$ cat run.txt   # compact mmCIF, C-alpha atoms and all ligand atoms
# COMPACT_ATOMS: atom_id res chain seq x y z
CA MET G 1 -37.31 45.97 4.12
CA LYS G 2 -39.78 48.74 4.98
CA THR G 3 -39.07 50.67 8.18
CA ARG G 4 -42.06 50.37 10.43
CA ILE G 5 -43.79 53.71 10.95
CA LYS G 6 -44.58 54.19 14.62
CA LYS G 7 -45.34 57.90 14.83
CA ILE G 8 -47.12 60.10 12.28
CA ALA G 9 -47.54 63.86 12.57
CA VAL G 10 -50.25 65.90 10.88
CA LEU G 11 -50.44 69.63 10.22
CA THR G 12 -52.69 72.09 8.42
CA SER G 13 -51.09 74.93 6.50
CA GLY G 14 -51.98 77.82 4.17
CA GLY G 15 -55.51 79.18 4.01
CA ASP G 16 -57.88 77.17 6.20
CA ALA G 17 -60.74 75.30 4.54
CA PRO G 18 -63.93 73.70 5.87
CA GLY G 19 -63.29 69.98 6.23
CA MET G 20 -59.72 70.28 7.48
CA ASN G 21 -60.92 69.14 10.90
CA ALA G 22 -62.60 66.12 9.34
CA ALA G 23 -59.24 65.29 7.70
CA ILE G 24 -57.37 65.66 11.00
CA ARG G 25 -59.93 63.42 12.68
CA ALA G 26 -59.55 60.78 9.97
CA VAL G 27 -55.74 60.80 10.24
CA VAL G 28 -55.82 60.57 14.04
CA ARG G 29 -58.41 57.80 14.14
CA THR G 30 -56.76 55.76 11.40
CA CYS G 31 -53.49 55.98 13.33
CA SER G 32 -55.31 54.83 16.43
CA TYR G 33 -56.92 51.95 14.52
CA TYR G 34 -53.48 50.75 13.35
CA HIS G 35 -51.82 51.40 16.74
CA VAL G 36 -49.63 54.20 15.46
CA GLU G 37 -49.00 57.26 17.60
CA CYS G 38 -50.35 60.50 16.12
CA ILE G 39 -48.95 63.96 16.78
CA GLY G 40 -50.72 67.18 15.92
CA ILE G 41 -48.46 70.03 14.84
CA TYR G 42 -49.96 73.43 15.59
CA ARG G 43 -49.67 76.46 13.25
CA GLY G 44 -48.38 74.58 10.22
CA TYR G 45 -44.70 74.76 9.37
CA GLN G 46 -44.08 77.49 11.95
CA GLY G 47 -45.24 75.13 14.70
CA MET G 48 -43.02 72.42 13.24
CA ILE G 49 -39.99 74.74 13.56
CA GLU G 50 -40.94 75.64 17.12
CA GLY G 51 -41.87 72.12 18.23
CA ASP G 52 -45.49 73.05 18.93
CA PHE G 53 -46.62 69.40 19.11
CA LYS G 54 -49.41 67.55 20.86
CA THR G 55 -50.14 63.84 21.07
CA MET G 56 -53.66 63.23 19.79
CA SER G 57 -55.80 60.26 20.76
CA ALA G 58 -58.97 59.08 19.03
CA ARG G 59 -61.03 60.85 21.73
CA PHE G 60 -59.08 64.10 21.30
CA VAL G 61 -60.73 64.60 17.92
CA HIS G 62 -64.31 63.85 18.96
CA HIS G 63 -67.01 66.20 17.64
CA ILE G 64 -64.73 68.07 15.28
CA ILE G 65 -65.99 66.56 12.02
CA GLN G 66 -68.70 69.22 11.82
CA LYS G 67 -66.48 72.19 12.72
CA GLY G 68 -65.13 74.78 10.29
CA GLY G 69 -61.56 76.10 10.49
CA THR G 70 -58.79 73.89 11.82
CA ILE G 71 -58.23 72.90 15.45
CA LEU G 72 -54.51 72.70 14.65
CA LYS G 73 -54.56 76.29 13.37
CA SER G 74 -52.80 77.42 10.26
CA ALA G 75 -50.02 79.82 9.39
CA ARG G 76 -47.93 80.91 6.45
CA SER G 77 -44.32 80.51 7.65
CA ASP G 78 -41.58 82.69 6.15
CA GLU G 79 -38.97 80.91 8.25
CA PHE G 80 -39.77 77.55 6.65
CA ARG G 81 -38.87 79.09 3.27
CA THR G 82 -35.26 79.26 4.52
CA LYS G 83 -32.90 76.28 4.69
CA GLU G 84 -32.13 77.20 8.30
CA GLY G 85 -35.83 77.09 9.20
CA ARG G 86 -36.30 73.71 7.54
CA LYS G 87 -33.24 72.35 9.39
CA LYS G 88 -34.79 73.39 12.71
CA ALA G 89 -38.08 71.74 11.70
CA HIS G 90 -36.31 68.50 10.78
CA LYS G 91 -34.49 68.46 14.12
CA GLN G 92 -37.81 68.86 15.95
CA LEU G 93 -39.27 65.88 14.07
CA LYS G 94 -36.21 63.75 14.80
CA ASP G 95 -36.06 64.77 18.48
CA ASN G 96 -39.70 63.72 18.81
CA ASN G 97 -39.18 60.42 16.94
CA ILE G 98 -41.67 61.33 14.24
CA ASP G 99 -41.37 58.98 11.24
CA ALA G 100 -43.71 60.58 8.70
CA LEU G 101 -45.82 63.64 7.98
CA VAL G 102 -49.31 64.23 6.65
CA LEU G 103 -49.76 67.74 5.23
CA VAL G 104 -53.21 69.18 4.74
CA GLY G 105 -53.09 72.27 2.55
CA GLY G 106 -52.69 73.73 -0.92
CA ASP G 107 -49.88 74.12 -3.42
CA GLY G 108 -47.75 76.34 -1.15
CA THR G 109 -47.92 73.66 1.54
CA PHE G 110 -46.98 70.93 -0.92
CA THR G 111 -44.12 72.96 -2.39
CA GLY G 112 -42.69 73.32 1.13
CA GLY G 113 -43.19 69.59 1.70
CA MET G 114 -41.46 68.70 -1.55
CA ILE G 115 -38.39 70.79 -0.76
CA PHE G 116 -38.31 69.37 2.77
CA ASN G 117 -38.38 65.86 1.38
CA GLU G 118 -35.61 66.59 -1.14
CA GLU G 119 -33.39 67.91 1.64
CA PHE G 120 -34.11 65.34 4.35
CA ASN G 121 -35.70 62.36 2.56
CA PHE G 122 -38.60 62.54 4.99
CA PRO G 123 -41.79 60.57 4.15
CA ILE G 124 -44.69 62.88 3.35
CA ILE G 125 -48.26 62.47 2.14
CA GLY G 126 -50.28 65.49 1.01
CA ILE G 127 -54.02 65.94 1.41
CA PRO G 128 -55.46 68.76 -0.75
CA GLY G 129 -57.30 71.23 1.47
CA THR G 130 -58.20 74.63 -0.01
CA ILE G 131 -61.41 76.31 -1.07
CA ASP G 132 -59.78 77.25 -4.40
CA ASN G 133 -59.90 73.74 -5.96
CA ASP G 134 -56.72 74.62 -7.83
CA ILE G 135 -54.75 71.42 -7.22
CA PHE G 136 -53.75 68.99 -9.94
CA GLY G 137 -54.43 65.33 -9.18
CA THR G 138 -57.87 65.65 -7.66
CA ASN G 139 -61.26 66.61 -9.01
CA PHE G 140 -62.11 68.24 -5.69
CA THR G 141 -60.12 69.77 -2.85
CA ILE G 142 -61.42 69.69 0.71
CA GLY G 143 -63.41 72.86 1.44
CA TYR G 144 -64.33 73.69 -2.13
CA ASP G 145 -67.83 72.23 -2.01
CA THR G 146 -68.65 74.03 1.24
CA ALA G 147 -67.32 77.30 -0.16
CA LEU G 148 -69.50 76.88 -3.26
CA ASN G 149 -72.56 76.46 -1.07
CA THR G 150 -71.63 79.45 1.08
CA VAL G 151 -71.19 81.60 -2.02
CA ILE G 152 -74.44 80.41 -3.61
CA ASP G 153 -76.29 81.22 -0.42
CA ALA G 154 -74.81 84.75 -0.40
CA ILE G 155 -75.57 85.37 -4.08
CA ASP G 156 -79.16 84.22 -3.66
CA LYS G 157 -79.55 86.83 -0.94
CA ILE G 158 -77.91 89.50 -3.10
CA ARG G 159 -80.33 88.56 -5.89
CA ASP G 160 -83.28 89.34 -3.60
CA THR G 161 -82.14 92.85 -2.94
CA ALA G 162 -80.82 93.37 -6.50
CA SER G 163 -84.18 92.61 -8.06
CA SER G 164 -86.08 94.69 -5.48
CA HIS G 165 -84.06 97.73 -6.58
CA ASN G 166 -83.47 96.81 -10.24
CA ARG G 167 -79.73 96.91 -9.62
CA LEU G 168 -76.61 95.41 -11.10
CA PHE G 169 -74.26 93.76 -8.60
CA PHE G 170 -70.62 92.89 -9.05
CA VAL G 171 -69.87 90.08 -6.60
CA GLU G 172 -66.22 89.28 -5.99
CA VAL G 173 -65.41 85.73 -4.92
CA MET G 174 -62.14 84.10 -3.84
CA GLY G 175 -60.07 81.59 -5.76
CA ARG G 176 -56.66 83.24 -5.98
CA ASP G 177 -55.54 82.63 -9.61
CA ALA G 178 -58.23 80.08 -10.37
CA GLY G 179 -61.83 80.59 -11.45
CA PHE G 180 -63.43 77.39 -10.09
CA ILE G 181 -65.49 79.12 -7.41
CA ALA G 182 -66.60 81.93 -9.74
CA LEU G 183 -67.48 79.66 -12.62
CA ASN G 184 -69.48 77.09 -10.70
CA THR G 185 -71.31 79.52 -8.44
CA GLY G 186 -71.98 81.71 -11.47
CA VAL G 187 -73.76 78.86 -13.21
CA GLY G 188 -75.41 77.68 -9.97
CA ALA G 189 -76.75 81.11 -9.06
CA GLY G 190 -77.78 82.05 -12.60
CA ALA G 191 -75.36 84.97 -12.91
CA GLU G 192 -75.57 87.15 -16.00
CA GLU G 193 -71.79 87.16 -16.47
CA ILE G 194 -68.82 85.36 -14.96
CA LEU G 195 -65.31 86.85 -15.05
CA ILE G 196 -62.48 84.39 -14.40
CA PRO G 197 -58.69 84.55 -14.73
CA GLU G 198 -58.59 81.70 -17.26
CA GLU G 199 -60.58 83.64 -19.87
CA ASP G 200 -60.24 87.34 -20.60
CA MET G 201 -63.70 88.27 -21.75
CA GLY G 202 -62.79 91.90 -22.44
CA LEU G 203 -64.66 95.02 -21.38
CA ASP G 204 -66.45 95.50 -24.70
CA ARG G 205 -68.12 92.12 -24.46
CA LEU G 206 -69.14 92.82 -20.89
CA LEU G 207 -70.74 96.11 -21.96
CA GLU G 208 -72.56 94.40 -24.84
CA SER G 209 -73.80 91.62 -22.62
CA LEU G 210 -75.13 94.03 -19.99
CA LYS G 211 -76.86 96.14 -22.64
CA LYS G 212 -78.52 92.98 -23.89
CA SER G 213 -79.65 92.05 -20.37
CA LYS G 214 -81.28 95.45 -19.95
CA ARG G 215 -83.03 95.19 -23.33
CA SER G 216 -84.35 91.73 -22.46
CA GLY G 217 -86.22 93.22 -19.49
CA LYS G 218 -84.25 91.69 -16.62
CA SER G 219 -85.00 93.22 -13.24
CA SER G 220 -81.52 92.57 -11.89
CA SER G 221 -78.09 91.50 -13.05
CA ILE G 222 -75.29 89.75 -11.23
CA VAL G 223 -71.72 89.60 -12.47
CA ILE G 224 -69.46 87.20 -10.57
CA VAL G 225 -65.86 88.35 -10.57
CA SER G 226 -63.13 85.98 -9.52
CA GLU G 227 -60.51 87.81 -7.43
CA GLY G 228 -57.80 86.77 -9.91
CA ASP G 229 -59.69 88.01 -12.97
CA LYS G 230 -57.41 89.66 -15.52
CA THR G 231 -59.61 92.26 -17.23
CA GLY G 232 -57.17 94.81 -15.77
CA LYS G 233 -59.74 96.37 -13.45
CA ASN G 234 -60.64 95.39 -9.92
CA VAL G 235 -64.25 94.91 -8.94
CA PHE G 236 -64.73 98.53 -7.82
CA GLU G 237 -63.14 99.92 -10.98
CA LEU G 238 -65.37 97.63 -13.02
CA ALA G 239 -68.44 99.01 -11.25
CA ASP G 240 -67.31 102.61 -11.94
CA TYR G 241 -66.60 101.75 -15.56
CA ILE G 242 -70.07 100.31 -16.08
CA GLU G 243 -71.78 103.24 -14.35
CA GLU G 244 -69.90 105.65 -16.62
CA ASN G 245 -70.64 103.71 -19.80
CA LEU G 246 -74.11 102.38 -19.03
CA PRO G 247 -75.81 105.08 -16.92
CA GLN G 248 -79.06 103.14 -17.13
CA TYR G 249 -77.58 100.80 -14.51
CA GLU G 250 -77.46 101.44 -10.77
CA VAL G 251 -74.41 99.45 -9.68
CA ARG G 252 -73.35 98.00 -6.34
CA VAL G 253 -70.35 95.89 -5.31
CA SER G 254 -70.20 93.05 -2.82
CA VAL G 255 -66.88 91.45 -1.89
CA LEU G 256 -67.64 88.18 -0.12
CA GLY G 257 -64.14 87.77 1.35
CA HIS G 258 -63.17 85.39 4.11
CA MET G 259 -66.70 84.29 4.99
CA GLN G 260 -66.13 81.90 2.08
CA ARG G 261 -63.54 80.03 4.14
CA GLY G 262 -65.66 79.54 7.25
CA GLY G 263 -68.62 77.48 8.31
CA SER G 264 -69.50 73.88 8.95
CA PRO G 265 -68.26 71.59 6.15
CA SER G 266 -70.78 70.10 3.74
CA CYS G 267 -71.41 66.36 3.83
CA PHE G 268 -69.40 66.04 0.62
CA ASP G 269 -66.35 67.70 2.19
CA ARG G 270 -66.62 65.60 5.36
CA VAL G 271 -66.72 62.37 3.37
CA LEU G 272 -63.93 63.51 1.04
CA ALA G 273 -61.73 64.51 4.00
CA SER G 274 -62.45 61.20 5.74
CA ARG G 275 -61.58 59.15 2.67
CA LEU G 276 -58.35 61.03 2.02
CA GLY G 277 -57.36 61.02 5.69
CA VAL G 278 -57.72 57.24 6.03
CA LYS G 279 -55.85 56.64 2.80
CA SER G 280 -52.96 58.93 3.70
CA VAL G 281 -52.13 56.89 6.82
CA GLU G 282 -52.63 53.55 5.06
CA LEU G 283 -50.25 54.63 2.29
CA LEU G 284 -47.57 55.62 4.79
CA LEU G 285 -47.92 52.28 6.58
CA ASP G 286 -47.57 50.62 3.21
CA GLY G 287 -44.22 52.34 2.70
CA LYS G 288 -45.46 54.95 0.19
CA LYS G 289 -44.26 58.54 0.35
CA ASN G 290 -44.12 61.90 -1.42
CA ILE G 291 -47.49 61.60 -2.99
CA MET G 292 -50.75 63.45 -2.77
CA VAL G 293 -54.04 61.66 -2.29
CA GLY G 294 -56.98 62.97 -4.27
CA LEU G 295 -60.31 61.99 -5.72
CA ILE G 296 -60.49 61.20 -9.42
CA ASP G 297 -63.74 59.87 -10.89
CA ASN G 298 -64.93 59.18 -7.35
CA LYS G 299 -61.97 56.94 -6.58
CA VAL G 300 -59.13 57.79 -4.23
CA ALA G 301 -56.07 58.25 -6.45
CA THR G 302 -52.45 59.19 -5.85
CA THR G 303 -50.24 61.71 -7.66
CA PRO G 304 -46.53 62.38 -7.03
CA LEU G 305 -46.26 65.50 -4.89
CA GLU G 306 -44.10 67.16 -7.53
CA LYS G 307 -46.74 66.61 -10.21
CA ALA G 308 -49.46 67.92 -7.91
CA VAL G 309 -47.43 71.09 -7.44
CA LYS G 310 -46.37 71.56 -11.06
CA GLY G 311 -49.49 70.34 -12.86
CA LYS G 312 -52.49 72.51 -13.63
CA HIS G 313 -56.07 71.69 -12.72
CA THR G 314 -57.99 73.15 -15.63
CA ILE G 315 -61.48 74.59 -15.49
CA ASN G 316 -64.31 73.29 -17.64
CA LYS G 317 -64.81 76.02 -20.25
CA GLU G 318 -68.01 74.35 -21.39
CA LEU G 319 -69.61 75.86 -18.28
CA LEU G 320 -68.84 79.36 -19.61
CA ARG G 321 -70.55 78.59 -22.91
CA MET G 322 -73.53 77.15 -21.04
CA SER G 323 -73.74 80.18 -18.82
CA ASP G 324 -74.03 82.39 -21.92
CA ILE G 325 -76.94 80.31 -23.16
CA LEU G 326 -78.69 80.21 -19.81
CA SER G 327 -78.40 83.91 -19.05
CA VAL G 328 -80.15 84.89 -22.30
O1 LIG L 1 -56.17 79.93 -0.88
C1 LIG L 1 -57.34 80.27 -0.19
C2 LIG L 1 -57.57 81.75 -0.22
O2 LIG L 1 -58.73 82.05 0.51
C3 LIG L 1 -57.63 82.38 -1.62
O3 LIG L 1 -58.88 82.17 -2.24
C4 LIG L 1 -57.32 83.82 -1.32
O4 LIG L 1 -56.75 84.45 -2.44
C5 LIG L 1 -56.31 83.72 -0.20
O5 LIG L 1 -56.49 82.45 0.40
C6 LIG L 1 -56.44 84.78 0.88
O6 LIG L 1 -55.39 84.62 1.76
P1 LIG L 1 -55.31 85.33 3.18
O7 LIG L 1 -56.28 84.67 4.09
O8 LIG L 1 -53.89 85.13 3.61
O9 LIG L 1 -55.68 86.76 2.97
$ encode --input "run.txt" --output "structure tokens"
Amino acid sequence: MKTRIKKIAVLTSGGDAPGMNAAIRAVVRTCSYYHVECIGIYRGYQGMIEGDFKTMSARFVHHIIQKGGTILKSARSDEFRTKEGRKKAHKQLKDNNIDALVLVGGDGTFTGGMIFNEEFNFPIIGIPGTIDNDIFGTNFTIGYDTALNTVIDAIDKIRDTASSHNRLFFVEVMGRDAGFIALNTGVGAGAEEILIPEEDMGLDRLLESLKKSKRSGKSSSIVIVSEGDKTGKNVFELADYIEENLPQYEVRVSVLGHMQRGGSPSCFDRVLASRLGVKSVELLLDGKKNIMVGLIDNKVATTPLEKAVKGKHTINKELLRMSDILSV
């Protein structure tokens, strides 16, 4: 017989992402709909260790669907990496009669959740929330679409000034070890080159490509560099290298940084977060646990948490080939 779940807690952990609030709202309201108590855990796993809990009603989450960041705040907890820390966290959940957990975050969050479940057999559902889109088991993570739009908007602006001055810009975007943001914004913004960790293009090819751009009469060039790119040079070193080897170029660097994580979530991210939030609670009430909810072919799908952590979400290399054609 299934144990009836009476109290569900939700937390956000790791790097924040636009749409996390929409996910929190969906979890809270679905709990309310099914008459289950919902607890918000502040500051991710650190708040879980410290018992930083708050009962959340349907009204508590009003007007947050459009807000960036996370009302529950986020933290990366070193203490939760220790067995002692996880023991304290488990005691807090038990003392507060919490039956199950919904985790909104990325692979670090899910790894922590997986270990916690192995140690304490505690029911967990993961919701993928990160701008990096680097989670296996979902085509899209919450926050990725908004980040793409933020980046595109920034690159369009950089293009204005780049072409006014006939300059070459290296634009560094986030993504940790994954090139999803770089690749898709590169195609979407019409970048001349895209450097991503998954494909080492090599410096010679970059030089050749930029020479070709100059010969073809382009008034500006934009190279998108993913922060995890493995050419061996960071974005500033790349700029110096090009200035030394192609003096015909005036080069500038723009590192977009954390602005990519902020802002009001796009409609896509709000809907995605709402769908995954509702499903996470329904799955728990149905006795399911230790899975991640994601979106595959526009359907909500589930993946074992372990697979979500160990699997690799691969980029579409066809986009790189296309980008070469389109930047001719
Ligand atoms: O995972 C999201 C992300 O923004 C990555 O793209 C980036 O590498 C990292 O977090 C930055 O982390 P922090 O905010 O701790 O500097």
$ closest_atom_pairs --input "run.txt" --of "chain G" --to "ligand LIG 1 (chain L)" --cutoff "8 Å" --atoms "only C-alpha atoms and all ligand atoms" --output "JSON lines"
{"residue": "G:Gly14", "atom": "CA", "partner": "L:LIG1", "partner_atom": "O1", "distance": 6.9}
{"residue": "G:Gly15", "atom": "CA", "partner": "L:LIG1", "partner_atom": "C1", "distance": 4.7}
{"residue": "G:Asp16", "atom": "CA", "partner": "L:LIG1", "partner_atom": "C1", "distance": 7.1}
{"residue": "G:Ala17", "atom": "CA", "partner": "L:LIG1", "partner_atom": "C1", "distance": 7.7}
{"residue": "G:Arg76", "atom": "CA", "partner": "L:LIG1", "partner_atom": "O8", "distance": 7.8}
{"residue": "G:Gly106", "atom": "CA", "partner": "L:LIG1", "partner_atom": "O1", "distance": 7.1}
{"residue": "G:Thr130", "atom": "CA", "partner": "L:LIG1", "partner_atom": "C1", "distance": 5.7}
{"residue": "G:Ile131", "atom": "CA", "partner": "L:LIG1", "partner_atom": "C1", "distance": 5.7}
{"residue": "G:Asp132", "atom": "CA", "partner": "L:LIG1", "partner_atom": "O3", "distance": 5.4}
{"residue": "G:Val173", "atom": "CA", "partner": "L:LIG1", "partner_atom": "O3", "distance": 7.9}
{"residue": "G:Met174", "atom": "CA", "partner": "L:LIG1", "partner_atom": "O3", "distance": 4.1}
{"residue": "G:Gly175", "atom": "CA", "partner": "L:LIG1", "partner_atom": "O3", "distance": 3.8}
{"residue": "G:Arg176", "atom": "CA", "partner": "L:LIG1", "partner_atom": "O4", "distance": 3.7}
{"residue": "G:Asp177", "atom": "CA", "partner": "L:LIG1", "partner_atom": "O4", "distance": 7.5}
{"residue": "G:Glu227", "atom": "CA", "partner": "L:LIG1", "partner_atom": "O4", "distance": 7.1}
{"residue": "G:Gly228", "atom": "CA", "partner": "L:LIG1", "partner_atom": "O4", "distance": 7.9}
{"residue": "G:Gly257", "atom": "CA", "partner": "L:LIG1", "partner_atom": "O2", "distance": 7.9}
{"residue": "G:His258", "atom": "CA", "partner": "L:LIG1", "partner_atom": "O2", "distance": 6.6}
{"residue": "G:Gln260", "atom": "CA", "partner": "L:LIG1", "partner_atom": "O2", "distance": 7.6}
{"residue": "G:Arg261", "atom": "CA", "partner": "L:LIG1", "partner_atom": "O2", "distance": 6.4}
$ residues_around --input "run.txt" --residues "G:Leu101" --least-positions-apart "3" --cutoff "9 Å" --atoms "only C-alpha atoms" --output "PyMOL selection string"
chain G and resi 7-11+98+122-126+284
$ closest_residue --input "run.txt" --among "G:Val251, G:Ala191, G:Phe120, G:Ile325" --to "G:Lys91" --atoms "only C-alpha atoms"
G:Phe120
$ closest_atom_pairs --input "run.txt" --of "stretch 204-251 of chain G" --to "stretch 139-156 of chain G" --cutoff "12 Å" --atoms "all atoms listed in the file" --output "Markdown table"
| residue | atom | partner | partner_atom | distance |
| --- | --- | --- | --- | --- |
| G:Ser220 | CA | G:Asp156 | CA | 12.0 |
| G:Ser221 | CA | G:Ile155 | CA | 11.2 |
| G:Ile222 | CA | G:Ile155 | CA | 8.4 |
| G:Val223 | CA | G:Ile155 | CA | 10.2 |
| G:Ile224 | CA | G:Ile155 | CA | 9.1 |
| G:Ser226 | CA | G:Val151 | CA | 11.8 |
$ closest_residue --input "run.txt" --among "G:Met114, G:Glu198, G:Arg252, G:Cys31" --to "G:Lys230" --atoms "only C-alpha atoms"
G:Glu198
$ closest_residue --input "run.txt" --among "G:Asp324, G:Glu50, G:Asp107, G:Glu79" --to "G:Gln92" --atoms "all atoms listed in the file"
G:Glu50
$ atom_distance --input "run.txt" --atom1 "atom CA of G:Leu276" --atom2 "atom CA of G:Thr138"
10.7 Å
$ atom_distance --input "run.txt" --atom1 "atom CA of G:Lys299" --atom2 "atom CA of G:Val271"
12.3 Å
$ atom_distance --input "run.txt" --atom1 "atom CA of G:Met20" --atom2 "atom CA of G:Lys157"
27.2 Å
$ closest_residue --input "run.txt" --among "G:Thr70, G:Ser77, G:Ser264, G:Thr30" --to "G:Ser57" --atoms "all atoms listed in the file"
G:Thr30
$ closest_residue --input "run.txt" --among "G:Val102, G:Leu256, G:Phe136, G:Gly44" --to "G:Leu283" --atoms "all atoms listed in the file"
G:Val102
$ residues_near_point --input "run.txt" --point "(-63.5, 69.2, 12.3)" --cutoff "10 Å" --atoms "only C-alpha atoms" --output "list in words"
Pro18, Gly19, Met20, Asn21, Ala22, Ala23, Ile24, Arg25, Ala26, Val61, His62, His63, Ile64, Ile65, Gln66, Lys67, Gly68, Gly69, Thr70, Ile71, Leu72, Ser264, Pro265, Arg270 and Ala273 of chain G
$ closest_residue --input "run.txt" --among "G:His165, G:Gly129, G:Ile194, G:Glu318" --to "G:Asp269" --atoms "all atoms listed in the file"
G:Gly129
$ residues_near_point --input "run.txt" --point "(-52.0, 63.5, 18.7)" --cutoff "6 Å" --atoms "only C-alpha atoms" --output "PyMOL selection string"
chain G and resi 38-40+54-57
$ closest_atom_pairs --input "run.txt" --of "stretch 156-207 of chain G" --to "stretch 301-314 of chain G" --cutoff "10 Å" --atoms "only C-alpha atoms" --output "Markdown table"
| residue | atom | partner | partner_atom | distance |
| --- | --- | --- | --- | --- |
| G:Ala178 | CA | G:Thr314 | CA | 8.7 |
| G:Gly179 | CA | G:Thr314 | CA | 9.4 |
| G:Phe180 | CA | G:Thr314 | CA | 8.8 |
| G:Glu198 | CA | G:Thr314 | CA | 8.7 |
